[in-house]
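Q: One file: input37.cif (mmCIF, N, CA and C atoms).
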data_work
#
loop_
_atom_site.label_atom_id
_atom_site.label_comp_id
_atom_site.auth_asym_id
_atom_site.auth_seq_id
_atom_site.Cartn_x
_atom_site.Cartn_y
_atom_site.Cartn_z
N GLN A 1 -218.15 -31.68 -3.15
CA GLN A 1 -219.61 -31.67 -3.25
C GLN A 1 -220.22 -32.12 -1.93
N VAL A 2 -221.29 -31.45 -1.55
CA VAL A 2 -221.97 -31.79 -0.31
C VAL A 2 -222.75 -33.08 -0.49
N GLN A 3 -222.62 -33.98 0.43
CA GLN A 3 -223.41 -35.21 0.42
C GLN A 3 -224.47 -35.12 1.50
N LEU A 4 -225.67 -35.57 1.15
CA LEU A 4 -226.80 -35.54 2.07
C LEU A 4 -227.25 -36.96 2.35
N VAL A 5 -227.40 -37.30 3.61
CA VAL A 5 -227.85 -38.62 4.00
C VAL A 5 -229.14 -38.48 4.80
N GLU A 6 -230.20 -39.10 4.29
CA GLU A 6 -231.50 -39.02 4.93
C GLU A 6 -231.76 -40.22 5.81
N SER A 7 -232.59 -40.01 6.80
CA SER A 7 -233.06 -41.11 7.64
C SER A 7 -234.48 -40.78 8.09
N GLY A 8 -235.16 -41.81 8.56
CA GLY A 8 -236.54 -41.64 8.98
C GLY A 8 -237.49 -42.12 7.90
N GLY A 9 -238.71 -41.66 7.99
CA GLY A 9 -239.73 -42.11 7.05
C GLY A 9 -240.35 -43.40 7.52
N GLY A 10 -241.20 -43.97 6.66
CA GLY A 10 -241.87 -45.21 7.00
C GLY A 10 -243.35 -45.12 6.74
N SER A 11 -244.09 -46.01 7.41
CA SER A 11 -245.54 -46.09 7.21
C SER A 11 -246.25 -45.78 8.52
N VAL A 12 -247.36 -45.08 8.41
CA VAL A 12 -248.11 -44.69 9.60
C VAL A 12 -249.57 -44.52 9.20
N GLN A 13 -250.44 -44.62 10.17
CA GLN A 13 -251.85 -44.36 9.91
C GLN A 13 -252.13 -42.86 9.97
N ALA A 14 -253.19 -42.46 9.32
CA ALA A 14 -253.58 -41.05 9.33
C ALA A 14 -253.70 -40.54 10.77
N GLY A 15 -253.18 -39.34 10.97
CA GLY A 15 -253.16 -38.76 12.30
C GLY A 15 -251.87 -39.03 13.05
N GLY A 16 -251.06 -39.92 12.53
CA GLY A 16 -249.81 -40.27 13.19
C GLY A 16 -248.69 -39.29 12.87
N SER A 17 -247.51 -39.62 13.37
CA SER A 17 -246.35 -38.75 13.22
C SER A 17 -245.14 -39.53 12.73
N LEU A 18 -244.30 -38.84 12.01
CA LEU A 18 -243.01 -39.36 11.58
C LEU A 18 -242.00 -38.23 11.62
N ARG A 19 -240.72 -38.61 11.66
CA ARG A 19 -239.65 -37.62 11.68
C ARG A 19 -238.60 -37.99 10.65
N LEU A 20 -238.24 -37.04 9.83
CA LEU A 20 -237.17 -37.21 8.86
C LEU A 20 -235.96 -36.40 9.30
N SER A 21 -234.78 -36.91 9.01
CA SER A 21 -233.55 -36.16 9.27
C SER A 21 -232.68 -36.18 8.03
N CYS A 22 -231.87 -35.15 7.89
CA CYS A 22 -230.96 -35.04 6.76
C CYS A 22 -229.65 -34.48 7.27
N ALA A 23 -228.59 -35.25 7.10
CA ALA A 23 -227.27 -34.84 7.56
C ALA A 23 -226.41 -34.48 6.37
N ALA A 24 -225.86 -33.28 6.40
CA ALA A 24 -224.96 -32.84 5.35
C ALA A 24 -223.52 -33.15 5.75
N SER A 25 -222.70 -33.51 4.76
CA SER A 25 -221.32 -33.89 5.06
C SER A 25 -220.49 -32.70 5.52
N VAL A 26 -220.87 -31.51 5.10
CA VAL A 26 -220.19 -30.29 5.52
C VAL A 26 -221.21 -29.18 5.68
N TYR A 27 -220.84 -28.16 6.42
CA TYR A 27 -221.64 -26.95 6.51
C TYR A 27 -220.91 -25.89 5.69
N SER A 28 -221.57 -25.42 4.64
CA SER A 28 -220.91 -24.47 3.75
C SER A 28 -221.96 -23.58 3.11
N ALA A 29 -221.52 -22.74 2.20
CA ALA A 29 -222.47 -21.89 1.47
C ALA A 29 -223.48 -22.74 0.71
N SER A 30 -223.09 -23.93 0.33
CA SER A 30 -224.00 -24.82 -0.41
C SER A 30 -225.04 -25.48 0.47
N THR A 31 -224.97 -25.24 1.76
CA THR A 31 -226.01 -25.74 2.67
C THR A 31 -226.68 -24.58 3.38
N SER A 32 -226.65 -23.39 2.76
CA SER A 32 -227.29 -22.22 3.35
C SER A 32 -228.80 -22.39 3.44
N CYS A 33 -229.35 -23.20 2.56
CA CYS A 33 -230.76 -23.55 2.62
C CYS A 33 -230.87 -25.06 2.54
N MET A 34 -231.58 -25.64 3.47
CA MET A 34 -231.80 -27.09 3.47
C MET A 34 -233.26 -27.37 3.75
N GLY A 35 -233.71 -28.47 3.20
CA GLY A 35 -235.11 -28.84 3.44
C GLY A 35 -235.52 -30.00 2.57
N TRP A 36 -236.84 -30.09 2.36
CA TRP A 36 -237.38 -31.25 1.65
C TRP A 36 -238.33 -30.87 0.51
N PHE A 37 -238.17 -31.62 -0.57
CA PHE A 37 -239.17 -31.72 -1.61
C PHE A 37 -239.87 -33.07 -1.44
N ARG A 38 -241.02 -33.20 -2.05
CA ARG A 38 -241.66 -34.51 -2.12
C ARG A 38 -242.28 -34.69 -3.49
N ARG A 39 -242.42 -35.96 -3.84
CA ARG A 39 -243.08 -36.30 -5.11
C ARG A 39 -244.00 -37.47 -4.85
N ALA A 40 -245.28 -37.22 -5.06
CA ALA A 40 -246.27 -38.27 -4.91
C ALA A 40 -246.48 -38.94 -6.26
N PRO A 41 -246.95 -40.18 -6.27
CA PRO A 41 -247.18 -40.88 -7.53
C PRO A 41 -248.10 -40.09 -8.45
N GLY A 42 -247.66 -39.88 -9.67
CA GLY A 42 -248.48 -39.18 -10.64
C GLY A 42 -248.53 -37.68 -10.49
N LYS A 43 -247.75 -37.14 -9.57
CA LYS A 43 -247.76 -35.69 -9.33
C LYS A 43 -246.37 -35.11 -9.50
N GLY A 44 -246.32 -33.81 -9.61
CA GLY A 44 -245.05 -33.13 -9.76
C GLY A 44 -244.34 -32.95 -8.43
N ARG A 45 -243.14 -32.45 -8.51
CA ARG A 45 -242.35 -32.21 -7.30
C ARG A 45 -242.91 -31.01 -6.54
N GLU A 46 -242.95 -31.13 -5.23
CA GLU A 46 -243.49 -30.07 -4.37
C GLU A 46 -242.49 -29.72 -3.29
N GLY A 47 -242.18 -28.45 -3.14
CA GLY A 47 -241.37 -28.01 -2.02
C GLY A 47 -242.20 -28.07 -0.76
N VAL A 48 -241.69 -28.70 0.29
CA VAL A 48 -242.46 -28.94 1.51
C VAL A 48 -242.06 -27.96 2.62
N ALA A 49 -240.79 -27.95 2.97
CA ALA A 49 -240.33 -27.08 4.06
C ALA A 49 -238.83 -26.86 3.90
N PHE A 50 -238.42 -25.63 4.19
CA PHE A 50 -237.01 -25.30 4.07
C PHE A 50 -236.59 -24.39 5.22
N ILE A 51 -235.30 -24.45 5.54
CA ILE A 51 -234.76 -23.60 6.59
C ILE A 51 -233.49 -22.94 6.09
N ALA A 52 -233.39 -21.63 6.35
CA ALA A 52 -232.15 -20.91 6.08
C ALA A 52 -231.24 -21.18 7.26
N THR A 53 -230.19 -21.93 7.05
CA THR A 53 -229.41 -22.46 8.16
C THR A 53 -228.63 -21.40 8.93
N GLU A 54 -228.37 -20.27 8.34
CA GLU A 54 -227.66 -19.22 9.07
C GLU A 54 -228.60 -18.46 9.99
N SER A 55 -229.77 -18.08 9.47
CA SER A 55 -230.71 -17.27 10.26
C SER A 55 -231.73 -18.10 11.03
N GLY A 56 -231.98 -19.31 10.55
CA GLY A 56 -233.02 -20.15 11.15
C GLY A 56 -234.41 -19.86 10.62
N SER A 57 -234.52 -18.96 9.64
CA SER A 57 -235.83 -18.67 9.06
C SER A 57 -236.37 -19.90 8.33
N THR A 58 -237.67 -20.07 8.39
CA THR A 58 -238.29 -21.26 7.81
C THR A 58 -239.37 -20.89 6.80
N LEU A 59 -239.60 -21.78 5.86
CA LEU A 59 -240.65 -21.67 4.87
C LEU A 59 -241.40 -22.99 4.81
N TYR A 60 -242.73 -22.89 4.68
CA TYR A 60 -243.55 -24.10 4.61
C TYR A 60 -244.55 -23.98 3.47
N ALA A 61 -244.83 -25.11 2.84
CA ALA A 61 -245.93 -25.16 1.89
C ALA A 61 -247.23 -25.02 2.66
N ASP A 62 -248.22 -24.39 2.03
CA ASP A 62 -249.51 -24.21 2.69
C ASP A 62 -250.10 -25.55 3.13
N SER A 63 -249.83 -26.58 2.36
CA SER A 63 -250.42 -27.89 2.63
C SER A 63 -249.91 -28.53 3.92
N VAL A 64 -248.79 -28.03 4.45
CA VAL A 64 -248.23 -28.65 5.65
C VAL A 64 -248.12 -27.69 6.83
N LYS A 65 -248.47 -26.44 6.62
CA LYS A 65 -248.36 -25.46 7.70
C LYS A 65 -249.20 -25.89 8.90
N GLY A 66 -248.60 -25.75 10.08
CA GLY A 66 -249.28 -26.14 11.29
C GLY A 66 -249.16 -27.61 11.64
N ARG A 67 -248.67 -28.42 10.70
CA ARG A 67 -248.52 -29.86 10.95
C ARG A 67 -247.06 -30.29 10.92
N PHE A 68 -246.27 -29.67 10.06
CA PHE A 68 -244.86 -30.03 9.92
C PHE A 68 -244.00 -28.93 10.53
N THR A 69 -242.88 -29.35 11.12
CA THR A 69 -241.93 -28.39 11.68
C THR A 69 -240.52 -28.79 11.27
N ILE A 70 -239.81 -27.84 10.67
CA ILE A 70 -238.42 -28.08 10.28
C ILE A 70 -237.52 -27.42 11.30
N SER A 71 -236.44 -28.08 11.64
CA SER A 71 -235.50 -27.55 12.63
C SER A 71 -234.09 -27.98 12.27
N GLN A 72 -233.11 -27.38 12.94
CA GLN A 72 -231.72 -27.74 12.67
C GLN A 72 -230.99 -27.91 14.00
N ASP A 73 -229.89 -28.66 13.96
CA ASP A 73 -229.11 -28.81 15.18
C ASP A 73 -228.12 -27.66 15.27
N ASN A 74 -227.44 -27.57 16.39
CA ASN A 74 -226.55 -26.44 16.63
C ASN A 74 -225.39 -26.39 15.63
N ALA A 75 -225.00 -27.54 15.12
CA ALA A 75 -223.92 -27.57 14.15
C ALA A 75 -224.38 -27.12 12.77
N LYS A 76 -225.70 -27.00 12.60
CA LYS A 76 -226.32 -26.50 11.37
C LYS A 76 -226.15 -27.41 10.18
N ASN A 77 -225.61 -28.61 10.38
CA ASN A 77 -225.49 -29.48 9.22
C ASN A 77 -226.45 -30.66 9.28
N ILE A 78 -227.36 -30.66 10.26
CA ILE A 78 -228.41 -31.66 10.32
C ILE A 78 -229.74 -30.93 10.48
N VAL A 79 -230.64 -31.22 9.57
CA VAL A 79 -231.98 -30.66 9.69
C VAL A 79 -232.97 -31.81 9.86
N SER A 80 -234.05 -31.54 10.56
CA SER A 80 -235.06 -32.54 10.82
C SER A 80 -236.43 -31.98 10.44
N LEU A 81 -237.31 -32.87 10.04
CA LEU A 81 -238.67 -32.51 9.70
C LEU A 81 -239.61 -33.35 10.55
N GLN A 82 -240.23 -32.74 11.52
CA GLN A 82 -241.21 -33.41 12.34
C GLN A 82 -242.57 -33.28 11.66
N MET A 83 -243.17 -34.41 11.34
CA MET A 83 -244.43 -34.42 10.61
C MET A 83 -245.52 -34.99 11.53
N ASN A 84 -246.44 -34.15 11.91
CA ASN A 84 -247.54 -34.54 12.77
C ASN A 84 -248.86 -34.50 12.01
N ASP A 85 -249.85 -35.16 12.57
CA ASP A 85 -251.19 -35.19 11.97
C ASP A 85 -251.11 -35.53 10.48
N LEU A 86 -250.39 -36.58 10.18
CA LEU A 86 -250.18 -36.96 8.79
C LEU A 86 -251.48 -37.38 8.12
N LYS A 87 -251.56 -37.06 6.83
CA LYS A 87 -252.75 -37.37 6.04
C LYS A 87 -252.35 -38.26 4.86
N PRO A 88 -253.31 -39.01 4.33
CA PRO A 88 -252.97 -39.86 3.17
C PRO A 88 -252.34 -39.06 2.02
N GLU A 89 -252.74 -37.82 1.86
CA GLU A 89 -252.18 -37.02 0.77
C GLU A 89 -250.73 -36.61 1.03
N ASP A 90 -250.20 -36.90 2.21
CA ASP A 90 -248.78 -36.68 2.48
C ASP A 90 -247.92 -37.83 1.97
N THR A 91 -248.55 -38.90 1.52
CA THR A 91 -247.82 -40.04 1.00
C THR A 91 -247.01 -39.63 -0.22
N ALA A 92 -245.70 -39.87 -0.15
CA ALA A 92 -244.80 -39.44 -1.22
C ALA A 92 -243.39 -39.92 -0.90
N MET A 93 -242.53 -39.77 -1.89
CA MET A 93 -241.10 -39.92 -1.66
C MET A 93 -240.58 -38.53 -1.28
N TYR A 94 -239.89 -38.46 -0.17
CA TYR A 94 -239.37 -37.19 0.33
C TYR A 94 -237.86 -37.13 0.08
N TYR A 95 -237.43 -36.02 -0.50
CA TYR A 95 -236.03 -35.84 -0.85
C TYR A 95 -235.47 -34.62 -0.13
N CYS A 96 -234.39 -34.82 0.59
CA CYS A 96 -233.68 -33.69 1.18
C CYS A 96 -232.91 -32.96 0.09
N ALA A 97 -232.81 -31.66 0.22
CA ALA A 97 -232.08 -30.85 -0.76
C ALA A 97 -231.34 -29.74 -0.04
N ALA A 98 -230.24 -29.33 -0.64
CA ALA A 98 -229.44 -28.24 -0.06
C ALA A 98 -228.95 -27.33 -1.17
N GLY A 99 -228.88 -26.06 -0.88
CA GLY A 99 -228.39 -25.09 -1.84
C GLY A 99 -228.10 -23.78 -1.17
N GLN A 100 -227.96 -22.73 -1.96
CA GLN A 100 -227.52 -21.45 -1.43
C GLN A 100 -228.65 -20.52 -1.03
N LEU A 101 -229.84 -20.73 -1.58
CA LEU A 101 -230.93 -19.80 -1.29
C LEU A 101 -232.23 -20.55 -1.09
N CYS A 102 -233.02 -20.11 -0.12
CA CYS A 102 -234.38 -20.59 0.01
C CYS A 102 -235.26 -19.64 -0.79
N LEU A 103 -236.12 -20.21 -1.62
CA LEU A 103 -236.93 -19.41 -2.52
C LEU A 103 -238.41 -19.62 -2.25
N PHE A 104 -239.16 -18.56 -2.45
CA PHE A 104 -240.62 -18.62 -2.38
C PHE A 104 -241.15 -17.78 -3.52
N ARG A 105 -241.67 -18.45 -4.55
CA ARG A 105 -242.13 -17.75 -5.75
C ARG A 105 -243.48 -18.29 -6.17
N GLY A 106 -244.43 -17.40 -6.28
CA GLY A 106 -245.74 -17.80 -6.77
C GLY A 106 -246.36 -18.90 -5.94
N GLY A 107 -246.09 -18.92 -4.66
CA GLY A 107 -246.66 -19.93 -3.80
C GLY A 107 -245.88 -21.22 -3.73
N ASP A 108 -244.82 -21.30 -4.54
CA ASP A 108 -244.01 -22.52 -4.55
C ASP A 108 -242.70 -22.30 -3.83
N LEU A 109 -242.27 -23.33 -3.10
CA LEU A 109 -240.99 -23.29 -2.41
C LEU A 109 -239.93 -23.92 -3.28
N GLY A 110 -238.70 -23.43 -3.14
CA GLY A 110 -237.61 -24.03 -3.89
C GLY A 110 -236.28 -23.68 -3.29
N VAL A 111 -235.24 -24.16 -3.93
CA VAL A 111 -233.87 -23.91 -3.49
C VAL A 111 -233.09 -23.34 -4.66
N GLY A 112 -232.49 -22.17 -4.45
CA GLY A 112 -231.67 -21.56 -5.48
C GLY A 112 -230.26 -22.11 -5.44
N ARG A 113 -229.67 -22.21 -6.65
CA ARG A 113 -228.31 -22.78 -6.74
C ARG A 113 -228.25 -24.09 -5.98
N LEU A 114 -229.21 -24.95 -6.31
CA LEU A 114 -229.31 -26.23 -5.63
C LEU A 114 -228.05 -27.04 -5.86
N ALA A 115 -227.51 -27.56 -4.77
CA ALA A 115 -226.21 -28.22 -4.86
C ALA A 115 -226.28 -29.73 -4.72
N SER A 116 -227.20 -30.19 -3.86
CA SER A 116 -227.19 -31.63 -3.55
C SER A 116 -228.59 -32.14 -3.26
N TRP A 117 -228.76 -33.43 -3.52
CA TRP A 117 -229.99 -34.14 -3.21
C TRP A 117 -229.67 -35.32 -2.29
N GLY A 118 -230.62 -35.63 -1.42
CA GLY A 118 -230.52 -36.86 -0.66
C GLY A 118 -231.03 -38.03 -1.49
N GLN A 119 -230.93 -39.23 -0.92
CA GLN A 119 -231.31 -40.43 -1.66
C GLN A 119 -232.81 -40.64 -1.71
N GLY A 120 -233.54 -39.94 -0.88
CA GLY A 120 -234.99 -40.08 -0.84
C GLY A 120 -235.42 -41.09 0.20
N THR A 121 -236.55 -40.81 0.81
CA THR A 121 -237.13 -41.74 1.78
C THR A 121 -238.64 -41.74 1.62
N GLN A 122 -239.23 -42.91 1.70
CA GLN A 122 -240.66 -43.05 1.45
C GLN A 122 -241.46 -42.78 2.72
N VAL A 123 -242.51 -42.00 2.57
CA VAL A 123 -243.48 -41.78 3.64
C VAL A 123 -244.83 -42.25 3.11
N THR A 124 -245.45 -43.18 3.83
CA THR A 124 -246.74 -43.73 3.43
C THR A 124 -247.73 -43.56 4.58
N VAL A 125 -248.84 -42.90 4.28
CA VAL A 125 -249.85 -42.65 5.29
C VAL A 125 -251.14 -43.35 4.84
N SER A 126 -251.61 -44.26 5.65
CA SER A 126 -252.82 -45.00 5.32
C SER A 126 -254.03 -44.40 6.04
N SER A 127 -255.17 -44.53 5.40
CA SER A 127 -256.40 -43.96 5.99
C SER A 127 -257.10 -44.93 6.91
#
Rewrite the structure from the file as structure tokens, please.

A:
Amino acid sequence: QVQLVESGGGSVQAGGSLRLSCAASVYSASTSCMGWFRRAPGKGREGVAFIATESGSTLYADSVKGRFTISQDNAKNIVSLQMNDLKPEDTAMYYCAAGQLCLFRGGDLGVGRLASWGQGTQVTVSS
């Protein structure tokens, strides 16, 4: 089973930046799509950004387009999420996820045949 280890996160004022990273224990079919979901207090889970690790294609939620950038290292088993111009509504627990397919359905992002979750990291943006 693929293990995902997250790092980064923290607290920042609105307009600031943070960077999240997610390292997978192996690069395999189960890490063909990697990225982040988030869950804010009292809200449902939201797909934020995902990358198809073989092609490098990316998907972003409308709420973060132009502010967040997902990237991967050359080994393809570490992905990073650079979050700029953070807003209070970005406050949430962010979870790295990996699976076989990056999905975009009805405006929602997801991961098909989801294989693994990270431990989660808190992002708090104050106004």

Q: Running the PyMOL selection byres ((chain A and resi 14-27) around 8) on this model by hand, what would come out? Give it as JSON, numbers by chain.

A: {"A": [1, 2, 3, 4, 5, 6, 7, 8, 9, 10, 11, 12, 13, 28, 29, 30, 31, 32, 35, 75, 76, 77, 78, 79, 80, 81, 82, 83, 84, 85, 86, 87, 88, 96, 97, 118, 124, 125, 126, 127]}

Q: Store the residues of this selection in a file with N, CA and C atoms, as a short mmCIF file (atom, residue, chain, number, x, y, z; two decimals), in the coordinates of the input.

A:
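Below you can see part31.cif, which holds the result:
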data_model
loop_
_atom_site.label_atom_id
_atom_site.label_comp_id
_atom_site.auth_asym_id
_atom_site.auth_seq_id
_atom_site.Cartn_x
_atom_site.Cartn_y
_atom_site.Cartn_z
N GLN A 1 -218.15 -31.68 -3.15
CA GLN A 1 -219.61 -31.67 -3.25
C GLN A 1 -220.22 -32.12 -1.93
N VAL A 2 -221.29 -31.45 -1.55
CA VAL A 2 -221.97 -31.79 -0.31
C VAL A 2 -222.75 -33.08 -0.49
N GLN A 3 -222.62 -33.98 0.43
CA GLN A 3 -223.41 -35.21 0.42
C GLN A 3 -224.47 -35.12 1.50
N LEU A 4 -225.67 -35.57 1.15
CA LEU A 4 -226.80 -35.54 2.07
C LEU A 4 -227.25 -36.96 2.35
N VAL A 5 -227.40 -37.30 3.61
CA VAL A 5 -227.85 -38.62 4.00
C VAL A 5 -229.14 -38.48 4.80
N GLU A 6 -230.20 -39.10 4.29
CA GLU A 6 -231.50 -39.02 4.93
C GLU A 6 -231.76 -40.22 5.81
N SER A 7 -232.59 -40.01 6.80
CA SER A 7 -233.06 -41.11 7.64
C SER A 7 -234.48 -40.78 8.09
N GLY A 8 -235.16 -41.81 8.56
CA GLY A 8 -236.54 -41.64 8.98
C GLY A 8 -237.49 -42.12 7.90
N GLY A 9 -238.71 -41.66 7.99
CA GLY A 9 -239.73 -42.11 7.05
C GLY A 9 -240.35 -43.40 7.52
N GLY A 10 -241.20 -43.97 6.66
CA GLY A 10 -241.87 -45.21 7.00
C GLY A 10 -243.35 -45.12 6.74
N SER A 11 -244.09 -46.01 7.41
CA SER A 11 -245.54 -46.09 7.21
C SER A 11 -246.25 -45.78 8.52
N VAL A 12 -247.36 -45.08 8.41
CA VAL A 12 -248.11 -44.69 9.60
C VAL A 12 -249.57 -44.52 9.20
N GLN A 13 -250.44 -44.62 10.17
CA GLN A 13 -251.85 -44.36 9.91
C GLN A 13 -252.13 -42.86 9.97
N SER A 28 -221.57 -25.42 4.64
CA SER A 28 -220.91 -24.47 3.75
C SER A 28 -221.96 -23.58 3.11
N ALA A 29 -221.52 -22.74 2.20
CA ALA A 29 -222.47 -21.89 1.47
C ALA A 29 -223.48 -22.74 0.71
N SER A 30 -223.09 -23.93 0.33
CA SER A 30 -224.00 -24.82 -0.41
C SER A 30 -225.04 -25.48 0.47
N THR A 31 -224.97 -25.24 1.76
CA THR A 31 -226.01 -25.74 2.67
C THR A 31 -226.68 -24.58 3.38
N SER A 32 -226.65 -23.39 2.76
CA SER A 32 -227.29 -22.22 3.35
C SER A 32 -228.80 -22.39 3.44
N GLY A 35 -233.71 -28.47 3.20
CA GLY A 35 -235.11 -28.84 3.44
C GLY A 35 -235.52 -30.00 2.57
N ALA A 75 -225.00 -27.54 15.12
CA ALA A 75 -223.92 -27.57 14.15
C ALA A 75 -224.38 -27.12 12.77
N LYS A 76 -225.70 -27.00 12.60
CA LYS A 76 -226.32 -26.50 11.37
C LYS A 76 -226.15 -27.41 10.18
N ASN A 77 -225.61 -28.61 10.38
CA ASN A 77 -225.49 -29.48 9.22
C ASN A 77 -226.45 -30.66 9.28
N ILE A 78 -227.36 -30.66 10.26
CA ILE A 78 -228.41 -31.66 10.32
C ILE A 78 -229.74 -30.93 10.48
N VAL A 79 -230.64 -31.22 9.57
CA VAL A 79 -231.98 -30.66 9.69
C VAL A 79 -232.97 -31.81 9.86
N SER A 80 -234.05 -31.54 10.56
CA SER A 80 -235.06 -32.54 10.82
C SER A 80 -236.43 -31.98 10.44
N LEU A 81 -237.31 -32.87 10.04
CA LEU A 81 -238.67 -32.51 9.70
C LEU A 81 -239.61 -33.35 10.55
N GLN A 82 -240.23 -32.74 11.52
CA GLN A 82 -241.21 -33.41 12.34
C GLN A 82 -242.57 -33.28 11.66
N MET A 83 -243.17 -34.41 11.34
CA MET A 83 -244.43 -34.42 10.61
C MET A 83 -245.52 -34.99 11.53
N ASN A 84 -246.44 -34.15 11.91
CA ASN A 84 -247.54 -34.54 12.77
C ASN A 84 -248.86 -34.50 12.01
N ASP A 85 -249.85 -35.16 12.57
CA ASP A 85 -251.19 -35.19 11.97
C ASP A 85 -251.11 -35.53 10.48
N LEU A 86 -250.39 -36.58 10.18
CA LEU A 86 -250.18 -36.96 8.79
C LEU A 86 -251.48 -37.38 8.12
N LYS A 87 -251.56 -37.06 6.83
CA LYS A 87 -252.75 -37.37 6.04
C LYS A 87 -252.35 -38.26 4.86
N PRO A 88 -253.31 -39.01 4.33
CA PRO A 88 -252.97 -39.86 3.17
C PRO A 88 -252.34 -39.06 2.02
N CYS A 96 -234.39 -34.82 0.59
CA CYS A 96 -233.68 -33.69 1.18
C CYS A 96 -232.91 -32.96 0.09
N ALA A 97 -232.81 -31.66 0.22
CA ALA A 97 -232.08 -30.85 -0.76
C ALA A 97 -231.34 -29.74 -0.04
N GLY A 118 -230.62 -35.63 -1.42
CA GLY A 118 -230.52 -36.86 -0.66
C GLY A 118 -231.03 -38.03 -1.49
N THR A 124 -245.45 -43.18 3.83
CA THR A 124 -246.74 -43.73 3.43
C THR A 124 -247.73 -43.56 4.58
N VAL A 125 -248.84 -42.90 4.28
CA VAL A 125 -249.85 -42.65 5.29
C VAL A 125 -251.14 -43.35 4.84
N SER A 126 -251.61 -44.26 5.65
CA SER A 126 -252.82 -45.00 5.32
C SER A 126 -254.03 -44.40 6.04
N SER A 127 -255.17 -44.53 5.40
CA SER A 127 -256.40 -43.96 5.99
C SER A 127 -257.10 -44.93 6.91
#

Q: Please compute the atom N of Gly47 in chain A-atom N of Asn74 in chain A distance, one decimal, in Å.

A: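 Value for the atom N of Gly47 in chain A-atom N of Asn74 in chain A distance: 24.5 Å.
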
Q: If you measure from CA of Cys33 in chain A to CA of Leu114 in chain A, what distance in Å do you get, rounded to one decimal?

A: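 CA of Leu114 in chain A lies 8.8 Å from CA of Cys33 in chain A.
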
Q: How would you write, as a list of chain:residue names, the set of residues in chain A that DSSP gives as helix (DSSP H, G or I)?

A: A:Ala29, A:Ser30, A:Thr31, A:Pro88, A:Glu89, A:Asp90

Q: Work out how far atom N of Cys102 in chain A is from CA of Ala52 in chain A, in Å to one decimal.

A: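 Answer for the CA of Ala52 in chain A to atom N of Cys102 in chain A separation: 6.3 Å.
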
Q: Care to translate the PyMOL selection byres ((chain A and resi 50) around 6.5) into actual residues of this file, as an MDAnalysis selection string?

A: chainID A and resid 33:36 48:49 51:52 57:60

Q: Can you list, as a list in words, the residues that the PyMOL selection byres ((chain A and resi 38) around 6.5) selects here?

A: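 With the shown file as input, the PyMOL selection byres ((chain A and resi 38) around 6.5) matches Trp36, Phe37, Arg39, Ala40, Gly44, Arg45, Glu46, Gly47, Val48, Ala92, Met93, Tyr94 and Tyr95 of chain A.
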
Q: Among chain A, which residues does DSSP mark as strand (DSSP E) when it is run on the backbone? Keep the chain and numbering as in the structure and answer as a PyMOL selection string.

A: chain A and resi 4-8+10-13+18-24+33-39+45-52+58-60+68-72+78-83+92-105+108-117+121-126

Q: Residues near Ser63 in chain A, anyone? I mean within 10 Å using only C-alpha atoms, not counting same-chain ones fewer than 5 positions away, as a list in words.

A: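 My list of contacting residues is Val48, Phe68, Glu89 and Asp90 of chain A.
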